[in-house]
Amino acid sequence: MLATPEMSTYDEVNLFFDTAADRLGLNNGLREMLKRPWRELQVQIPVRMDDGQVKVFSGFRVHNGARGPYKGGLRYHSDADLEEVRALASLMTWKNVLMDLPYSGAKGGVQVDPWQLSMGELNRPTRRYTQNIIHLIAPNRDIPAPDMGTNAQTMAWMMDAYGQVNGHSPAIVTGKPVEKGGSLGRESSTGRGVSYLLQEAAKDMDMDLQGARVVVQGFGNVGSWSARLIQQLGCRVIGVSGVDGGVYNAGGLDIARLQDYQKMTGGVTGFTGGEAISNRELLELECEVLVPAAVDNVITTDNVDYIKARLVLEAANHPITPEVDRILSEGGVTILPDILVNAEGVIVSYFEWTQNIQEFHWEEGRVNEKLRKVLLRAYQEVRMRAMNEQITHREASFEIGVQRVARSVELRGFL
Ligand code: GLU
């Protein structure tokens, strides 16, 4: 199948899957089985709002894969729908398995704009959603975690709602507040992983990081931590964008100050340490490294010609379409794909889950050291495969993932 502009994100993820399945010579039965979701649940979430009105939101949870309990985040977003959640569940499958974690893939979504709701209006649908999917989740069945629009507080509410029925169960969700059994290092983990991978890739590409120009698109948890930790490597983070616009400083932005500014004002606009630029201008900045860390499909065939980076680190899920992936790769840009670059969240989720099961706490140094090991082992596997087979890092990542899940299906003997 060829990429077309009408394709949904789910079709696009499947295109990456198909390329891997073709190269691996996967038989049709196995291919169908791995490509389609194993299970999809759609629920309604009636909620009494603060003004007394009742609103009904839609919620989803999708399961995929064959390697262990389902694992993946829960997203609150006004565009969340079954098709998107399906695509993200599929990405989680390949991400978990690429990291060699003992998990299958999952994703959840609630179609709601969390930024418009009060704390009570967020707490109530979270509890109702948890009740509605409670028969599908358990520490050895499906373990949700935060994703876009949700956070540690959301997880604490989910754990409480689950615990009201099943008793105290910290291992039911990950990404919890540290006081409720969360792991040290979880919040900063994604940015930390991006900086580890940047160091490795720079070595392999002979790129000097001292003064290297980096652009980070998105300044949420992932983007802001990535920018901060990348700056600590000696790079110049020259451009950053948040939901409200972008800022640029050719000499490098002061990211710690920008983080404080965002905390105070809710955005990056008006920051005096740089000049304002649009999101489009930001993506087109001359730089060595581009880190898309916001929503999906931000680089499209409309703006791909203006991308000037040598290295793209996909901290967001599915930030570029397959067509863009092809154009950039053929143009000599190295792209480290989402299922490698943003796997750190789920790696530390895995550490949190094991700590919860053992009723034990690790120190942050141990978390970071183990994170680095798991991530860099995966990176080396991807790199070797890409080199040996003369394929892109994304193709290599999907091949490794698909091969492992196929093997797991075989070993379990359920075909
Ligand atoms: N939502 C994150 C992701 O997309 C984390 C998932 C998890 O920790 O289970 O990778």
# chains A, B, ... in the order shown; residues from 1 in each chain; ligands from 1
$ select_by_dssp --residues "range 146-273 of chain A" --states "alpha helix (DSSP H)" --output "number ranges by chain"
A: 152-166, 189-205, 221-231, 255-265
$ residues_near_ligand --ligand "ligand 1" --cutoff "10 Å" --atoms "only C-alpha atoms and all ligand atoms" --output "VMD selection string"
chain A and resid 70 to 75 88 to 89 91 to 93 95 to 96 103 105 to 108 142 to 148 150 to 151 173 to 175 186 190 315 to 317 338 to 353
$ write_last_selection --atoms "N, CA and C atoms" --output "short mmCIF file (atom, residue, chain, number, x, y, z; two decimals), in the first residue's frame"
data_model
loop_
_atom_site.label_atom_id
_atom_site.label_comp_id
_atom_site.auth_asym_id
_atom_site.auth_seq_id
_atom_site.Cartn_x
_atom_site.Cartn_y
_atom_site.Cartn_z
N TYR A 70 -1.45 -5.66 28.93
CA TYR A 70 -1.52 -4.49 28.05
C TYR A 70 -1.01 -3.28 28.81
N LYS A 71 -0.30 -2.40 28.11
CA LYS A 71 0.30 -1.24 28.79
C LYS A 71 0.28 -0.05 27.87
N GLY A 72 -0.19 1.07 28.39
CA GLY A 72 -0.19 2.30 27.59
C GLY A 72 -0.99 3.38 28.27
N GLY A 73 -0.84 4.60 27.75
CA GLY A 73 -1.40 5.77 28.42
C GLY A 73 -2.89 5.98 28.19
N LEU A 74 -3.39 7.00 28.87
CA LEU A 74 -4.77 7.45 28.73
C LEU A 74 -4.72 8.93 28.36
N ARG A 75 -5.35 9.25 27.24
CA ARG A 75 -5.27 10.61 26.68
C ARG A 75 -6.60 11.33 26.84
N LEU A 88 -2.64 4.68 18.31
CA LEU A 88 -1.70 4.86 19.41
C LEU A 88 -1.49 3.55 20.16
N ALA A 89 -2.53 2.71 20.22
CA ALA A 89 -2.38 1.40 20.87
C ALA A 89 -1.41 0.54 20.06
N LEU A 91 1.03 1.68 18.13
CA LEU A 91 2.39 2.21 18.38
C LEU A 91 2.92 1.72 19.73
N MET A 92 2.04 1.66 20.74
CA MET A 92 2.48 1.19 22.06
C MET A 92 2.97 -0.26 21.99
N THR A 93 2.29 -1.06 21.16
CA THR A 93 2.70 -2.47 21.02
C THR A 93 4.14 -2.55 20.54
N LYS A 95 6.38 -0.19 20.50
CA LYS A 95 7.30 0.50 21.42
C LYS A 95 7.68 -0.42 22.59
N ASN A 96 6.67 -1.02 23.21
CA ASN A 96 6.93 -1.89 24.36
C ASN A 96 7.85 -3.05 23.99
N TYR A 103 5.33 -6.53 27.98
CA TYR A 103 3.98 -5.97 27.81
C TYR A 103 3.48 -6.09 26.38
N GLY A 105 0.46 -3.93 23.93
CA GLY A 105 0.20 -2.48 23.81
C GLY A 105 -1.24 -2.11 24.14
N ALA A 106 -1.43 -0.89 24.64
CA ALA A 106 -2.78 -0.39 24.91
C ALA A 106 -2.79 1.12 24.77
N LYS A 107 -3.95 1.68 24.60
CA LYS A 107 -4.12 3.12 24.72
C LYS A 107 -5.56 3.39 25.09
N GLY A 108 -5.75 4.46 25.83
CA GLY A 108 -7.11 4.87 26.18
C GLY A 108 -7.28 6.32 25.80
N ASP A 142 -4.01 -5.04 32.36
CA ASP A 142 -3.85 -3.77 31.63
C ASP A 142 -3.52 -2.69 32.65
N ILE A 143 -2.44 -1.97 32.41
CA ILE A 143 -1.94 -0.98 33.38
C ILE A 143 -1.88 0.39 32.68
N PRO A 144 -2.88 1.24 32.88
CA PRO A 144 -2.86 2.58 32.25
C PRO A 144 -1.78 3.49 32.84
N ALA A 145 -1.53 4.60 32.15
CA ALA A 145 -0.51 5.58 32.55
C ALA A 145 -0.93 6.94 31.97
N PRO A 146 -0.26 8.01 32.34
CA PRO A 146 -0.63 9.30 31.74
C PRO A 146 -0.22 9.40 30.27
N ASP A 147 -0.90 10.27 29.57
CA ASP A 147 -0.56 10.61 28.19
C ASP A 147 -1.00 12.07 28.04
N MET A 148 -1.19 12.52 26.82
CA MET A 148 -1.55 13.93 26.63
C MET A 148 -2.84 14.28 27.40
N THR A 150 -3.47 14.16 30.54
CA THR A 150 -3.61 13.51 31.85
C THR A 150 -2.27 13.59 32.57
N ASN A 151 -2.27 13.32 33.88
CA ASN A 151 -1.02 13.46 34.63
C ASN A 151 -1.05 12.57 35.88
N VAL A 173 -1.93 1.34 37.98
CA VAL A 173 -1.56 2.42 37.04
C VAL A 173 -0.12 2.83 37.31
N THR A 174 0.53 3.42 36.32
CA THR A 174 1.87 3.98 36.55
C THR A 174 1.83 5.47 36.23
N GLY A 175 2.94 6.14 36.58
CA GLY A 175 2.96 7.59 36.40
C GLY A 175 2.21 8.27 37.54
N ARG A 186 10.20 9.44 37.00
CA ARG A 186 9.22 9.19 35.94
C ARG A 186 8.93 10.45 35.14
N THR A 190 11.22 11.14 30.02
CA THR A 190 11.17 11.22 28.56
C THR A 190 12.22 12.18 28.04
N ALA A 315 10.08 12.86 19.61
CA ALA A 315 9.64 12.71 21.01
C ALA A 315 8.12 12.60 21.09
N ALA A 316 7.40 13.15 20.09
CA ALA A 316 5.94 13.02 20.05
C ALA A 316 5.59 11.70 19.38
N ASN A 317 4.34 11.27 19.54
CA ASN A 317 3.87 10.09 18.81
C ASN A 317 3.47 10.51 17.40
N ASP A 338 9.49 7.61 16.81
CA ASP A 338 8.77 7.73 18.08
C ASP A 338 8.86 6.49 18.96
N ILE A 339 8.74 5.31 18.37
CA ILE A 339 8.69 4.11 19.23
C ILE A 339 10.04 3.84 19.90
N LEU A 340 11.08 4.52 19.45
CA LEU A 340 12.37 4.46 20.12
C LEU A 340 12.54 5.68 21.04
N VAL A 341 12.28 6.85 20.49
CA VAL A 341 12.63 8.09 21.20
C VAL A 341 11.71 8.39 22.38
N ASN A 342 10.43 8.03 22.28
CA ASN A 342 9.59 8.37 23.44
C ASN A 342 9.22 7.14 24.27
N ALA A 343 10.08 6.14 24.21
CA ALA A 343 9.81 4.92 24.98
C ALA A 343 10.17 5.07 26.46
N GLU A 344 10.87 6.15 26.81
CA GLU A 344 11.37 6.24 28.19
C GLU A 344 10.26 6.27 29.21
N GLY A 345 9.14 6.94 28.85
CA GLY A 345 8.02 7.01 29.78
C GLY A 345 7.59 5.60 30.18
N VAL A 346 7.42 4.76 29.19
CA VAL A 346 6.93 3.41 29.51
C VAL A 346 8.04 2.55 30.14
N ILE A 347 9.29 2.85 29.85
CA ILE A 347 10.37 2.09 30.52
C ILE A 347 10.31 2.38 32.02
N VAL A 348 10.19 3.66 32.37
CA VAL A 348 10.14 3.98 33.81
C VAL A 348 8.80 3.53 34.41
N SER A 349 7.74 3.49 33.58
CA SER A 349 6.48 2.90 34.04
C SER A 349 6.71 1.44 34.43
N TYR A 350 7.46 0.77 33.62
CA TYR A 350 7.76 -0.64 33.91
C TYR A 350 8.51 -0.76 35.25
N PHE A 351 9.48 0.14 35.48
CA PHE A 351 10.20 0.12 36.76
C PHE A 351 9.23 0.41 37.92
N GLU A 352 8.32 1.35 37.68
CA GLU A 352 7.35 1.70 38.73
C GLU A 352 6.47 0.49 39.07
N TRP A 353 6.01 -0.17 38.04
CA TRP A 353 5.13 -1.35 38.20
C TRP A 353 5.85 -2.45 39.00
#
$ closest_atom_pairs --of "range 70-156 of chain A" --to "range 49-52 of chain A" --cutoff "9 Å" --atoms "only C-alpha atoms" --output "Markdown table"
| residue | atom | partner | partner_atom | distance |
| --- | --- | --- | --- | --- |
| A:Leu117 | CA | A:Met49 | CA | 8.7 |
| A:Ser118 | CA | A:Asp50 | CA | 8.0 |
| A:Gly120 | CA | A:Asp50 | CA | 7.6 |
| A:Glu121 | CA | A:Met49 | CA | 5.9 |
| A:Arg124 | CA | A:Met49 | CA | 8.9 |
$ residues_around --residues "Ala87 in chain A" --least-positions-apart "5" --cutoff "7 Å" --atoms "only C-alpha atoms" --output "ChimeraX atom specification"
/A:9-10,13
$ select_by_dssp --residues "range 277-368 of chain A" --states "strand (DSSP E)" --output "list in words"
Ile277, Val289, Leu290, Val291, Pro292, Leu311, Val312, Leu313, Thr334, Ile335 and Leu336 of chain A
$ residues_around --residues "Asp11 in chain A" --least-positions-apart "2" --cutoff "12 Å" --atoms "only C-alpha atoms" --output "NGL selection string"
:A and (1-9 or 13-18 or 35-36 or 83-84 or 86-88 or 90-91 or 318 or 321-322)
$ closest_residue --among "A:Leu371, A:Ala386, A:Ala250, A:Leu209" --to "Leu336 in chain A" --atoms "only C-alpha atoms"
A:Ala386
